[in-house]
>>> print(open('model32.txt').read())   # compact mmCIF, C-alpha atoms
# COMPACT_ATOMS: atom_id res chain seq x y z
CA MET A 1 -44.11 56.07 -112.84
CA GLN A 2 -47.62 57.17 -113.77
CA THR A 3 -49.55 59.30 -111.31
CA PRO A 4 -53.16 58.26 -110.78
CA THR A 5 -55.87 60.50 -109.34
CA LEU A 6 -58.00 59.69 -106.31
CA TYR A 7 -61.66 60.68 -106.34
CA GLN A 8 -62.72 60.85 -102.71
CA SER A 9 -64.60 62.69 -100.02
CA ALA A 10 -63.35 64.17 -96.75
CA SER A 11 -66.31 62.74 -94.80
CA SER A 12 -66.16 59.24 -96.30
CA PRO A 13 -64.58 56.57 -94.06
CA ASN A 14 -63.70 54.44 -97.09
CA SER A 15 -61.88 57.43 -98.57
CA ARG A 16 -60.01 57.86 -95.29
CA ARG A 17 -58.80 54.24 -95.49
CA VAL A 18 -57.03 55.19 -98.72
CA ARG A 19 -55.85 58.64 -97.55
CA ILE A 20 -54.13 57.11 -94.52
CA PHE A 21 -52.57 54.44 -96.73
CA LEU A 22 -51.16 57.17 -99.03
CA ALA A 23 -49.89 59.25 -96.10
CA GLU A 24 -48.22 56.29 -94.35
CA LYS A 25 -46.40 55.43 -97.56
CA GLY A 26 -45.57 59.05 -98.35
CA ILE A 27 -47.30 58.91 -101.75
CA ASP A 28 -48.44 62.26 -103.10
CA ILE A 29 -51.15 62.07 -105.78
CA PRO A 30 -53.87 64.49 -106.87
CA LEU A 31 -57.12 64.23 -104.89
CA VAL A 32 -60.44 65.24 -106.43
CA ALA A 33 -63.25 65.96 -103.96
CA VAL A 34 -66.65 64.36 -104.64
CA ASP A 35 -69.39 66.20 -102.76
CA LEU A 36 -71.57 63.47 -101.24
CA GLY A 37 -73.81 66.01 -99.52
CA LYS A 38 -74.77 67.42 -102.92
CA GLY A 39 -75.16 63.91 -104.36
CA GLU A 40 -72.31 64.33 -106.80
CA GLN A 41 -71.70 60.56 -106.67
CA HIS A 42 -75.03 60.03 -108.43
CA THR A 43 -74.24 62.26 -111.42
CA GLU A 44 -73.66 60.83 -114.89
CA ALA A 45 -70.10 62.15 -114.80
CA TYR A 46 -69.23 60.24 -111.64
CA ARG A 47 -71.14 57.10 -112.64
CA ALA A 48 -68.93 56.96 -115.71
CA ILE A 49 -65.99 56.72 -113.29
CA ASN A 50 -67.62 54.33 -110.82
CA SER A 51 -70.92 52.62 -111.68
CA ARG A 52 -71.44 51.73 -108.03
CA ARG A 53 -71.64 55.47 -107.23
CA VAL A 54 -69.28 55.22 -104.29
CA VAL A 55 -66.01 56.82 -103.28
CA PRO A 56 -63.11 56.35 -103.39
CA THR A 57 -62.07 55.56 -106.97
CA LEU A 58 -58.50 55.58 -108.22
CA VAL A 59 -58.33 56.67 -111.87
CA LEU A 60 -55.12 55.62 -113.61
CA GLU A 61 -53.44 57.74 -116.27
CA ASP A 62 -54.82 55.52 -119.03
CA GLY A 63 -58.34 56.18 -117.73
CA THR A 64 -58.86 52.83 -116.01
CA SER A 65 -61.02 53.14 -112.89
CA ILE A 66 -60.13 51.12 -109.82
CA GLY A 67 -62.88 50.99 -107.22
CA GLU A 68 -63.00 49.15 -103.86
CA VAL A 69 -60.53 50.00 -101.13
CA PRO A 70 -58.56 46.71 -101.10
CA ALA A 71 -58.14 46.91 -104.89
CA ILE A 72 -56.84 50.49 -104.64
CA TRP A 73 -54.47 49.45 -101.86
CA ARG A 74 -53.17 46.58 -103.99
CA TYR A 75 -52.42 48.89 -106.92
CA LEU A 76 -50.62 51.39 -104.72
CA GLU A 77 -48.65 48.70 -102.85
CA GLU A 78 -47.47 47.11 -106.10
CA THR A 79 -46.43 50.45 -107.61
CA HIS A 80 -44.96 51.81 -104.34
CA PRO A 81 -43.60 48.82 -102.43
CA ALA A 82 -41.66 50.93 -99.91
CA VAL A 83 -43.21 51.05 -96.42
CA PRO A 84 -45.16 47.82 -97.00
CA LEU A 85 -48.67 47.93 -95.54
CA LEU A 86 -49.93 44.65 -97.04
CA GLY A 87 -46.99 42.56 -95.76
CA THR A 88 -43.94 41.16 -97.51
CA THR A 89 -43.61 37.39 -96.96
CA PRO A 90 -46.50 35.15 -98.08
CA LYS A 91 -47.36 34.45 -94.42
CA GLU A 92 -47.36 38.14 -93.44
CA GLN A 93 -49.45 39.02 -96.48
CA ALA A 94 -51.98 36.32 -95.64
CA LEU A 95 -52.21 37.27 -91.96
CA ILE A 96 -52.68 40.94 -92.79
CA ALA A 97 -55.35 40.09 -95.39
CA MET A 98 -57.12 37.88 -92.83
CA TRP A 99 -57.11 40.40 -89.98
CA GLU A 100 -58.01 43.35 -92.17
CA ARG A 101 -60.95 41.44 -93.56
CA ARG A 102 -62.19 40.42 -90.11
CA VAL A 103 -61.99 44.02 -88.95
CA GLU A 104 -63.84 45.14 -92.04
CA GLN A 105 -66.58 42.53 -91.90
CA GLU A 106 -67.14 42.57 -88.15
CA GLY A 107 -66.30 46.18 -87.29
CA PHE A 108 -66.45 48.49 -90.29
CA ALA A 109 -69.44 46.76 -91.93
CA SER A 110 -71.35 46.74 -88.62
CA VAL A 111 -71.03 50.50 -88.24
CA MET A 112 -72.05 51.03 -91.87
CA GLU A 113 -75.03 48.70 -91.43
CA ALA A 114 -76.26 50.60 -88.36
CA VAL A 115 -75.72 54.01 -89.95
CA ARG A 116 -77.18 53.28 -93.38
CA ASN A 117 -80.32 51.65 -91.96
CA GLN A 118 -80.88 54.55 -89.58
CA VAL A 119 -80.10 57.85 -91.31
CA PRO A 120 -83.30 59.50 -92.67
CA GLY A 121 -81.50 60.67 -95.82
CA LEU A 122 -80.70 57.05 -96.80
CA LYS A 123 -84.23 55.58 -96.56
CA GLU A 124 -83.94 53.92 -99.97
CA ARG A 125 -80.13 53.66 -99.99
CA ALA A 126 -79.52 51.15 -97.18
CA ILE A 127 -76.78 49.52 -99.27
CA ALA A 128 -74.22 51.48 -101.24
CA GLY A 129 -74.04 50.51 -104.90
CA ALA A 130 -75.81 50.66 -108.22
CA HIS A 131 -79.22 49.64 -106.84
CA ASP A 132 -81.56 51.13 -104.26
CA TYR A 133 -82.60 49.06 -101.24
CA ALA A 134 -84.97 50.16 -98.49
CA GLN A 135 -83.79 50.34 -94.90
CA ILE A 136 -84.45 47.41 -92.55
CA PRO A 137 -84.88 48.94 -89.08
CA ALA A 138 -83.91 45.73 -87.25
CA MET A 139 -80.42 46.06 -88.71
CA VAL A 140 -79.70 49.20 -86.69
CA ASP A 141 -79.68 47.47 -83.30
CA ARG A 142 -77.98 44.41 -84.72
CA GLY A 143 -75.27 46.59 -86.20
CA LYS A 144 -74.66 48.24 -82.85
CA LEU A 145 -74.52 44.88 -81.08
CA ARG A 146 -72.06 43.61 -83.67
CA LEU A 147 -69.90 46.68 -83.09
CA LEU A 148 -69.78 46.01 -79.33
CA ASN A 149 -68.77 42.40 -79.99
CA PHE A 150 -66.12 43.69 -82.37
CA TYR A 151 -64.70 45.95 -79.66
CA ALA A 152 -64.49 43.01 -77.24
CA ASP A 153 -62.74 40.82 -79.82
CA LEU A 154 -60.38 43.63 -80.83
CA ASP A 155 -59.44 44.25 -77.20
CA ALA A 156 -58.67 40.54 -76.75
CA ARG A 157 -56.57 40.54 -79.90
CA LEU A 158 -54.60 43.64 -78.88
CA GLN A 159 -53.84 42.11 -75.47
CA GLU A 160 -51.69 39.59 -77.31
CA SER A 161 -50.44 41.61 -80.29
CA ALA A 162 -48.83 45.06 -80.65
CA PHE A 163 -50.79 45.78 -83.83
CA VAL A 164 -53.93 44.16 -85.21
CA ALA A 165 -52.18 41.79 -87.62
CA GLY A 166 -48.92 41.31 -85.69
CA HIS A 167 -45.75 43.21 -84.88
CA ALA A 168 -46.06 45.91 -87.56
CA PHE A 169 -48.56 48.61 -88.50
CA SER A 170 -50.65 47.48 -91.50
CA VAL A 171 -53.94 48.01 -93.33
CA ALA A 172 -55.63 46.03 -90.55
CA ASP A 173 -54.80 48.92 -88.20
CA ILE A 174 -56.01 51.45 -90.74
CA THR A 175 -59.44 49.83 -91.04
CA ALA A 176 -59.71 49.39 -87.25
CA LEU A 177 -58.85 53.04 -86.61
CA VAL A 178 -61.27 54.34 -89.24
CA THR A 179 -63.99 52.05 -87.85
CA ILE A 180 -63.52 53.33 -84.29
CA ASP A 181 -63.44 57.00 -85.25
CA PHE A 182 -66.50 56.65 -87.48
CA ALA A 183 -68.45 54.67 -84.84
CA ALA A 184 -67.79 57.41 -82.28
CA LYS A 185 -68.79 60.17 -84.69
CA ALA A 186 -71.74 58.62 -86.52
CA LEU A 187 -73.21 56.36 -83.83
CA GLY A 188 -71.91 57.90 -80.60
CA LEU A 189 -70.48 54.48 -79.72
CA PRO A 190 -66.81 54.69 -78.74
CA PHE A 191 -64.95 51.72 -77.29
CA SER A 192 -65.09 51.38 -73.51
CA ASP A 193 -62.60 52.99 -71.13
CA THR A 194 -62.07 49.56 -69.60
CA GLN A 195 -60.81 48.15 -72.93
CA LEU A 196 -57.24 48.96 -72.04
CA ALA A 197 -55.60 47.15 -74.92
CA ILE A 198 -57.59 49.12 -77.50
CA LYS A 199 -56.83 52.28 -75.50
CA ARG A 200 -53.07 51.62 -75.60
CA TRP A 201 -53.14 50.80 -79.31
CA TYR A 202 -55.47 53.71 -80.19
CA ALA A 203 -53.22 56.25 -78.45
CA GLU A 204 -50.26 54.92 -80.38
CA VAL A 205 -51.76 54.69 -83.87
CA SER A 206 -53.74 57.91 -83.72
CA LEU A 207 -50.50 59.82 -83.01
CA ARG A 208 -48.83 58.60 -86.20
CA PRO A 209 -48.38 61.42 -88.72
CA GLY A 210 -50.23 59.45 -91.42
CA THR A 211 -53.39 58.61 -89.49
CA GLY A 212 -54.55 62.21 -89.31
CA ALA A 213 -55.30 61.99 -93.04
CA MET B 1 -41.66 24.48 -100.16
CA GLN B 2 -43.78 23.77 -97.12
CA THR B 3 -47.07 22.01 -97.59
CA PRO B 4 -50.00 23.50 -95.72
CA THR B 5 -53.25 21.67 -94.92
CA LEU B 6 -56.72 22.88 -95.88
CA TYR B 7 -59.57 22.34 -93.42
CA GLN B 8 -62.74 22.46 -95.47
CA SER B 9 -66.14 21.00 -96.20
CA ALA B 10 -67.52 19.53 -99.43
CA SER B 11 -70.82 21.41 -99.03
CA SER B 12 -69.29 24.80 -98.16
CA PRO B 13 -69.24 27.35 -100.99
CA ASN B 14 -66.34 29.21 -99.38
CA SER B 15 -64.39 25.95 -99.31
CA ARG B 16 -65.17 25.45 -102.98
CA ARG B 17 -63.70 28.87 -103.79
CA VAL B 18 -60.38 27.55 -102.46
CA ARG B 19 -60.69 24.06 -103.95
CA ILE B 20 -61.19 25.48 -107.45
CA PHE B 21 -58.23 27.82 -106.91
CA LEU B 22 -56.03 24.85 -105.97
CA ALA B 23 -57.25 22.77 -108.90
CA GLU B 24 -56.77 25.57 -111.45
CA LYS B 25 -53.19 26.06 -110.25
CA GLY B 26 -52.51 22.34 -110.03
CA ILE B 27 -51.58 22.54 -106.33
CA ASP B 28 -51.96 19.30 -104.41
CA ILE B 29 -52.23 19.71 -100.62
CA PRO B 30 -53.85 17.59 -97.91
CA LEU B 31 -57.55 18.33 -97.32
CA VAL B 32 -59.16 17.67 -93.93
CA ALA B 33 -62.95 17.41 -93.93
CA VAL B 34 -64.85 19.39 -91.28
CA ASP B 35 -68.37 17.97 -90.82
CA LEU B 36 -70.63 21.04 -90.69
CA GLY B 37 -73.76 18.88 -90.39
CA LYS B 38 -72.43 17.45 -87.14
CA GLY B 39 -71.36 20.90 -85.95
CA GLU B 40 -67.68 20.03 -85.97
CA GLN B 41 -66.85 23.69 -86.63
CA HIS B 42 -68.12 24.54 -83.13
CA THR B 43 -65.85 22.09 -81.28
CA GLU B 44 -62.98 23.27 -79.10
CA ALA B 45 -60.55 21.53 -81.44
CA TYR B 46 -61.72 23.46 -84.49
CA ARG B 47 -62.12 26.76 -82.64
CA ALA B 48 -58.44 26.50 -81.77
CA ILE B 49 -57.79 26.48 -85.51
CA ASN B 50 -60.32 29.17 -86.42
CA SER B 51 -62.01 31.24 -83.70
CA ARG B 52 -64.68 32.35 -86.18
CA ARG B 53 -65.81 28.69 -86.47
CA VAL B 54 -65.91 28.78 -90.24
CA VAL B 55 -64.34 26.85 -93.07
CA PRO B 56 -62.04 26.94 -94.90
CA THR B 57 -58.84 27.42 -92.90
CA LEU B 58 -55.34 26.91 -94.28
CA VAL B 59 -52.97 25.65 -91.59
CA LEU B 60 -49.30 26.22 -92.40
CA GLU B 61 -46.57 23.79 -91.38
CA ASP B 62 -45.54 26.04 -88.49
CA GLY B 63 -49.10 25.87 -87.15
CA THR B 64 -50.19 29.34 -88.29
CA SER B 65 -53.89 29.44 -89.23
CA ILE B 66 -54.97 31.48 -92.23
CA GLY B 67 -58.71 32.06 -92.39
CA GLU B 68 -60.76 34.03 -94.95
CA VAL B 69 -60.79 33.02 -98.60
CA PRO B 70 -58.93 36.05 -100.06
CA ALA B 71 -56.17 35.62 -97.44
CA ILE B 72 -55.79 31.93 -98.31
CA TRP B 73 -55.71 32.80 -102.02
CA ARG B 74 -53.00 35.39 -101.38
CA TYR B 75 -50.81 32.86 -99.54
CA LEU B 76 -51.21 30.27 -102.28
CA GLU B 77 -50.61 32.78 -105.08
CA GLU B 78 -47.42 34.05 -103.47
CA THR B 79 -46.07 30.55 -102.86
CA HIS B 80 -47.26 29.17 -106.22
CA PRO B 81 -47.12 32.06 -108.70
CA ALA B 82 -47.57 29.84 -111.78
CA VAL B 83 -51.01 30.06 -113.40
CA PRO B 84 -51.70 33.47 -111.84
CA LEU B 85 -55.29 33.87 -110.65
CA LEU B 86 -54.86 37.20 -108.85
CA GLY B 87 -53.22 38.96 -111.82
CA THR B 88 -49.63 39.91 -112.54
CA THR B 89 -49.26 43.62 -113.35
CA PRO B 90 -50.43 46.17 -110.74
CA LYS B 91 -53.37 47.13 -112.97
CA GLU B 92 -54.45 43.52 -113.54
CA GLN B 93 -54.16 42.76 -109.84
CA ALA B 94 -56.26 45.79 -108.94
CA LEU B 95 -58.95 45.05 -111.55
CA ILE B 96 -59.22 41.43 -110.44
CA ALA B 97 -59.43 42.47 -106.78
CA MET B 98 -62.13 45.00 -107.65
CA TRP B 99 -64.28 42.64 -109.72
CA GLU B 100 -63.91 39.72 -107.33
CA ARG B 101 -64.97 41.92 -104.44
CA ARG B 102 -68.00 43.25 -106.30
CA VAL B 103 -69.08 39.70 -107.14
CA GLU B 104 -68.58 38.67 -103.54
CA GLN B 105 -70.40 41.61 -101.98
CA GLU B 106 -73.26 41.81 -104.46
CA GLY B 107 -73.64 38.16 -105.48
CA PHE B 108 -72.10 35.76 -103.02
CA ALA B 109 -73.04 37.78 -99.91
CA SER B 110 -76.63 38.18 -101.18
CA VAL B 111 -77.09 34.43 -101.49
CA MET B 112 -75.57 33.87 -98.05
CA GLU B 113 -77.79 36.56 -96.56
CA ALA B 114 -80.94 34.97 -97.98
CA VAL B 115 -79.92 31.45 -96.95
CA ARG B 116 -78.69 32.21 -93.44
CA ASN B 117 -81.77 34.27 -92.55
CA GLN B 118 -84.11 31.58 -93.85
CA VAL B 119 -82.79 28.13 -92.89
CA PRO B 120 -84.50 26.83 -89.71
CA GLY B 121 -81.24 25.30 -88.44
CA LEU B 122 -79.56 28.73 -88.38
CA LYS B 123 -82.19 30.62 -86.34
CA GLU B 124 -79.54 32.10 -84.02
CA ARG B 125 -76.66 31.90 -86.50
CA ALA B 126 -77.71 34.41 -89.14
CA ILE B 127 -74.10 35.60 -89.42
CA ALA B 128 -71.13 33.24 -89.51
CA GLY B 129 -68.52 34.01 -86.90
CA ALA B 130 -67.68 33.93 -83.21
CA HIS B 131 -71.01 35.44 -82.09
CA ASP B 132 -74.63 34.37 -82.45
CA TYR B 133 -77.11 36.67 -84.16
CA ALA B 134 -80.83 36.02 -84.64
CA GLN B 135 -82.29 35.86 -88.12
CA ILE B 136 -83.95 38.97 -89.60
CA PRO B 137 -86.73 37.64 -91.90
CA ALA B 138 -86.80 40.80 -94.05
CA MET B 139 -83.28 39.97 -95.21
CA VAL B 140 -84.45 36.86 -97.07
CA ASP B 141 -86.42 38.73 -99.71
CA ARG B 142 -83.85 41.48 -99.89
CA GLY B 143 -81.09 38.92 -100.44
CA LYS B 144 -83.05 37.36 -103.31
CA LEU B 145 -83.68 40.77 -104.88
CA ARG B 146 -79.99 41.61 -104.59
CA LEU B 147 -79.14 38.32 -106.31
CA LEU B 148 -81.42 39.13 -109.25
CA ASN B 149 -79.79 42.56 -109.58
CA PHE B 150 -76.40 40.85 -109.45
CA TYR B 151 -77.38 38.55 -112.32
CA ALA B 152 -78.45 41.55 -114.43
CA ASP B 153 -75.19 43.39 -113.71
CA LEU B 154 -73.11 40.27 -114.37
CA ASP B 155 -74.83 39.71 -117.69
CA ALA B 156 -74.10 43.30 -118.71
CA ARG B 157 -70.46 42.90 -117.69
CA LEU B 158 -70.05 39.63 -119.61
CA GLN B 159 -71.50 41.21 -122.73
CA GLU B 160 -68.37 43.36 -122.88
CA SER B 161 -65.76 41.06 -121.34
CA ALA B 162 -64.75 37.42 -121.94
CA PHE B 163 -64.24 36.81 -118.24
CA VAL B 164 -65.48 38.73 -115.22
CA ALA B 165 -62.30 40.75 -114.64
CA GLY B 166 -61.05 40.91 -118.22
CA HIS B 167 -59.45 38.67 -120.82
CA ALA B 168 -58.27 35.91 -118.47
CA PHE B 169 -59.88 33.51 -116.01
CA SER B 170 -59.35 34.75 -112.43
CA VAL B 171 -60.69 34.54 -108.89
CA ALA B 172 -63.52 36.85 -109.98
CA ASP B 173 -64.78 34.00 -112.17
CA ILE B 174 -64.35 31.51 -109.34
CA THR B 175 -66.52 33.53 -106.96
CA ALA B 176 -69.13 34.17 -109.66
CA LEU B 177 -69.36 30.48 -110.55
CA VAL B 178 -69.62 29.37 -106.91
CA THR B 179 -72.28 32.04 -106.30
CA ILE B 180 -74.39 30.89 -109.24
CA ASP B 181 -74.18 27.20 -108.40
CA PHE B 182 -74.97 27.81 -104.73
CA ALA B 183 -77.90 30.13 -105.55
CA ALA B 184 -79.42 27.45 -107.78
CA LYS B 185 -78.93 24.74 -105.17
CA ALA B 186 -79.77 26.56 -101.93
CA LEU B 187 -82.34 29.10 -103.12
CA GLY B 188 -83.64 27.56 -106.34
CA LEU B 189 -82.73 30.81 -108.11
CA PRO B 190 -80.65 30.19 -111.23
CA PHE B 191 -79.84 32.98 -113.68
CA SER B 192 -82.35 33.50 -116.47
CA ASP B 193 -82.24 31.69 -119.82
CA THR B 194 -82.42 35.11 -121.46
CA GLN B 195 -79.14 36.19 -119.84
CA LEU B 196 -77.14 35.00 -122.80
CA ALA B 197 -73.81 36.46 -121.79
CA ILE B 198 -73.87 34.64 -118.45
CA LYS B 199 -74.99 31.51 -120.30
CA ARG B 200 -72.03 31.68 -122.72
CA TRP B 201 -69.56 32.34 -119.88
CA TYR B 202 -71.10 29.70 -117.57
CA ALA B 203 -70.86 26.99 -120.23
CA GLU B 204 -67.20 27.84 -120.76
CA VAL B 205 -66.04 28.11 -117.16
CA SER B 206 -68.03 25.17 -115.84
CA LEU B 207 -66.29 22.90 -118.38
CA ARG B 208 -62.81 23.76 -117.13
CA PRO B 209 -61.18 20.79 -115.39
CA GLY B 210 -60.56 22.84 -112.21
CA THR B 211 -64.07 24.14 -111.65
CA GLY B 212 -65.51 20.73 -110.87
CA ALA B 213 -63.62 20.86 -107.56
>>> encode(input="model32.txt", output="structure tokens")
Amino acid sequence: MQTPTLYQSASSPNSRRVRIFLAEKGIDIPLVAVDLGKGEQHTEAYRAINSRRVVPTLVLEDGTSIGEVPAIWRYLEETHPAVPLLGTTPKEQALIAMWERRVEQEGFASVMEAVRNQVPGLKERAIAGAHDYAQIPAMVDRGKLRLLNFYADLDARLQESAFVAGHAFSVADITALVTIDFAAKALGLPFSDTQLAIKRWYAEVSLRPGTGA
Amino acid sequence: MQTPTLYQSASSPNSRRVRIFLAEKGIDIPLVAVDLGKGEQHTEAYRAINSRRVVPTLVLEDGTSIGEVPAIWRYLEETHPAVPLLGTTPKEQALIAMWERRVEQEGFASVMEAVRNQVPGLKERAIAGAHDYAQIPAMVDRGKLRLLNFYADLDARLQESAFVAGHAFSVADITALVTIDFAAKALGLPFSDTQLAIKRWYAEVSLRPGTGA
């Protein structure tokens, strides 16, 4: 089995999605820190690894770069099938892919949208990637509103399901947890104390050994 | 093998991403048309199938609904592995997932962003899903700019690769083709005649029997 290397940053929520995945599966690979504060992601050296200038990137032993969290997860799940986090049967795999994507698009992306259109240091970097885009101030409030709607939908979902995608912990829970923690930290917008189903689920998943990663 | 049913619409680009996938694999399943013009996606009956009120949805024989294109693809690939479109080795799977996602986020999403924030009939529906969001006019021009950057990046990629994700046709090509055709139709923004690598690739993929779906 080859051992790839993960380029990542401690403060990056997308990096945390992969770190938790590794920890839950018990996979131990070398991590290389990319200093986002110093703009290391914009250097020629890092662009050669990931032209979109984002973390995380998984670099395989043959030098192939895998960017994008779901792509990295797929590689790791295929090479380390034990403790499945993407599901096993076709139906489980599809349901986990569906729920993880909804959480990402409605929760995670909403927080990112609010943060990136608001932070002074990202005035011309409202979208991560190879190109610069100016902030659109109206997206800050919309992002926050979308996050509140996401919390309401997540609470409803967790009233009927132990975990986000069903009876087992999966990547859908990882993205939901990272979203919630980052929303509280970066936007000061935690879920509400009255959202009891999220509260029950959050207490459970945040106590898992792997989710501290 | 169970036969699921696909709820979809002829005019929906997301539906087309699944129709092409089915055609390329030679899978024949029942299609049910959802009339978006008449607002059939907002009816109680359809919301019971997909709470996000979007097409496509794959309904399994046991009644389970699978929404979201990548989740539907995953189910179909696992149940019909012949003619792999999501890759076979871990590395191929990861590279296809990465490239497809980049095309979706930078190309497909840009077109959708421009269209949904511009069309008069979607004034309060700028984002597909369970909640209504007002249009943000500044996102129209930004979406078009993002599309042009996507074309430039795609042309560069296709100068070095036969298909978007490598040497074989995959879902990354499906999303790129649907993006290009929808951008030309809905925004009047085709790729440029000088983008010869896209031109070469487009001629090849648009002649495949499956991509007419």
>>> atom_distance(input="model32.txt", atom1="atom CA of A:Val69", atom2="atom CA of A:Phe21")
10.1 Å
>>> residues_near_point(input="model32.txt", point="(-57.1, 39.5, -93.4)", cutoff="10 Å", atoms="only C-alpha atoms", output="VMD selection string")
(chain A and resid 86 92 to 104 164 to 165 171 to 172) or (chain B and resid 66 to 72 74)
>>> atom_distance(input="model32.txt", atom1="atom CA of B:Leu154", atom2="atom CA of B:Ile198")
7.0 Å
>>> atom_distance(input="model32.txt", atom1="atom CA of A:Ile180", atom2="atom CA of A:Val140")
16.9 Å
>>> closest_residue(input="model32.txt", among="A:Gly107, A:Pro120, A:Pro90, A:Pro137", to="chain B", atoms="only C-alpha atoms")
A:Pro90
>>> closest_residue(input="model32.txt", among="B:Glu78, B:Asp155, B:Glu113, B:Glu44", to="B:Ala183", atoms="only C-alpha atoms")
B:Glu113
>>> closest_residue(input="model32.txt", among="A:Arg208, A:Val119, A:Gly87, A:Gln195", to="A:His167", atoms="all atoms listed in the file")
A:Gly87
>>> residues_around(input="model32.txt", residues="B:Arg200", least_positions_apart="4", cutoff="10 Å", atoms="only C-alpha atoms", output="MDAnalysis selection string")
chainID B and resid 155 158:159 162 195:196 204:205
>>> closest_residue(input="model32.txt", among="A:Val55, A:Asp141, A:Ile49, A:Asn14", to="A:Val34", atoms="only C-alpha atoms")
A:Val55
>>> closest_residue(input="model32.txt", among="A:Val54, A:Leu31, A:Leu22, A:Val115", to="A:Thr79", atoms="all atoms listed in the file")
A:Leu22
>>> residues_around(input="model32.txt", residues="A:Ile136", least_positions_apart="5", cutoff="10 Å", atoms="all atoms listed in the file", output="list in words")
Glu113, Ala114, Arg116, Asn117, Gln118, Lys123, Glu124 and Ala126 of chain A; Ile136, Ala138, Met139 and Arg142 of chain B
>>> closest_residue(input="model32.txt", among="B:Met112, B:Leu122, B:Ala82, B:Ala130", to="chain A", atoms="only C-alpha atoms")
B:Ala130
>>> residues_around(input="model32.txt", residues="A:Thr179", least_positions_apart="2", cutoff="9 Å", atoms="all atoms listed in the file", output="PyMOL selection string")
chain A and resi 13+103-104+107-109+111+174-177+181-184
>>> write_last_selection(input="model32.txt", atoms="C-alpha atoms", output="JSON list (two decimals), in the coordinates of the input")
[["chain", "number", "residue", "atom", "x", "y", "z"],
["A", 13, "PRO", "CA", -64.58, 56.57, -94.06],
["A", 103, "VAL", "CA", -61.99, 44.02, -88.95],
["A", 104, "GLU", "CA", -63.84, 45.14, -92.04],
["A", 107, "GLY", "CA", -66.30, 46.18, -87.29],
["A", 108, "PHE", "CA", -66.45, 48.49, -90.29],
["A", 109, "ALA", "CA", -69.44, 46.76, -91.93],
["A", 111, "VAL", "CA", -71.03, 50.50, -88.24],
["A", 174, "ILE", "CA", -56.01, 51.45, -90.74],
["A", 175, "THR", "CA", -59.44, 49.83, -91.04],
["A", 176, "ALA", "CA", -59.71, 49.39, -87.25],
["A", 177, "LEU", "CA", -58.85, 53.04, -86.61],
["A", 181, "ASP", "CA", -63.44, 57.00, -85.25],
["A", 182, "PHE", "CA", -66.50, 56.65, -87.48],
["A", 183, "ALA", "CA", -68.45, 54.67, -84.84],
["A", 184, "ALA", "CA", -67.79, 57.41, -82.28]]
>>> axis_aligned_box(input="model32.txt", around="stretch 144-154 of chain A", padding_each_side="3 Å", output="AutoDock Vina command-line options")
--center_x -67.5 --center_y 44.5 --center_z -80.5 --size_x 20.3 --size_y 13.4 --size_z 12.4
>>> build_atoms(input="model32.txt", residues="stretch 82-93 of chain B", atoms="N, CA and C atoms", output="CSV table (one decimal), in the coordinates of the input")
chain,number,residue,atom,x,y,z
B,82,ALA,N,-47.2,30.3,-110.4
B,82,ALA,CA,-47.6,29.8,-111.8
B,82,ALA,C,-49.1,29.8,-111.9
B,83,VAL,N,-49.6,29.9,-113.1
B,83,VAL,CA,-51.0,30.1,-113.4
B,83,VAL,C,-51.6,31.1,-112.5
B,84,PRO,N,-51.2,32.4,-112.7
B,84,PRO,CA,-51.7,33.5,-111.8
B,84,PRO,C,-53.2,33.6,-111.9
B,85,LEU,N,-53.8,33.7,-110.7
B,85,LEU,CA,-55.3,33.9,-110.6
B,85,LEU,C,-55.7,35.2,-110.0
B,86,LEU,N,-54.6,35.9,-109.5
B,86,LEU,CA,-54.9,37.2,-108.8
B,86,LEU,C,-54.2,38.3,-109.7
B,87,GLY,N,-53.8,38.0,-110.9
B,87,GLY,CA,-53.2,39.0,-111.8
B,87,GLY,C,-51.7,39.1,-111.7
B,88,THR,N,-51.1,39.7,-112.6
B,88,THR,CA,-49.6,39.9,-112.5
B,88,THR,C,-49.2,41.4,-112.5
B,89,THR,N,-49.6,42.2,-113.4
B,89,THR,CA,-49.3,43.6,-113.4
B,89,THR,C,-50.1,44.3,-112.2
B,90,PRO,N,-49.6,45.4,-111.8
B,90,PRO,CA,-50.4,46.2,-110.7
B,90,PRO,C,-51.9,46.4,-111.2
B,91,LYS,N,-52.0,46.8,-112.5
B,91,LYS,CA,-53.4,47.1,-113.0
B,91,LYS,C,-54.2,45.9,-113.0
B,92,GLU,N,-53.7,44.8,-113.5
B,92,GLU,CA,-54.4,43.5,-113.5
B,92,GLU,C,-54.8,43.1,-112.1
B,93,GLN,N,-53.9,43.2,-111.2
B,93,GLN,CA,-54.2,42.8,-109.8
B,93,GLN,C,-55.3,43.6,-109.2
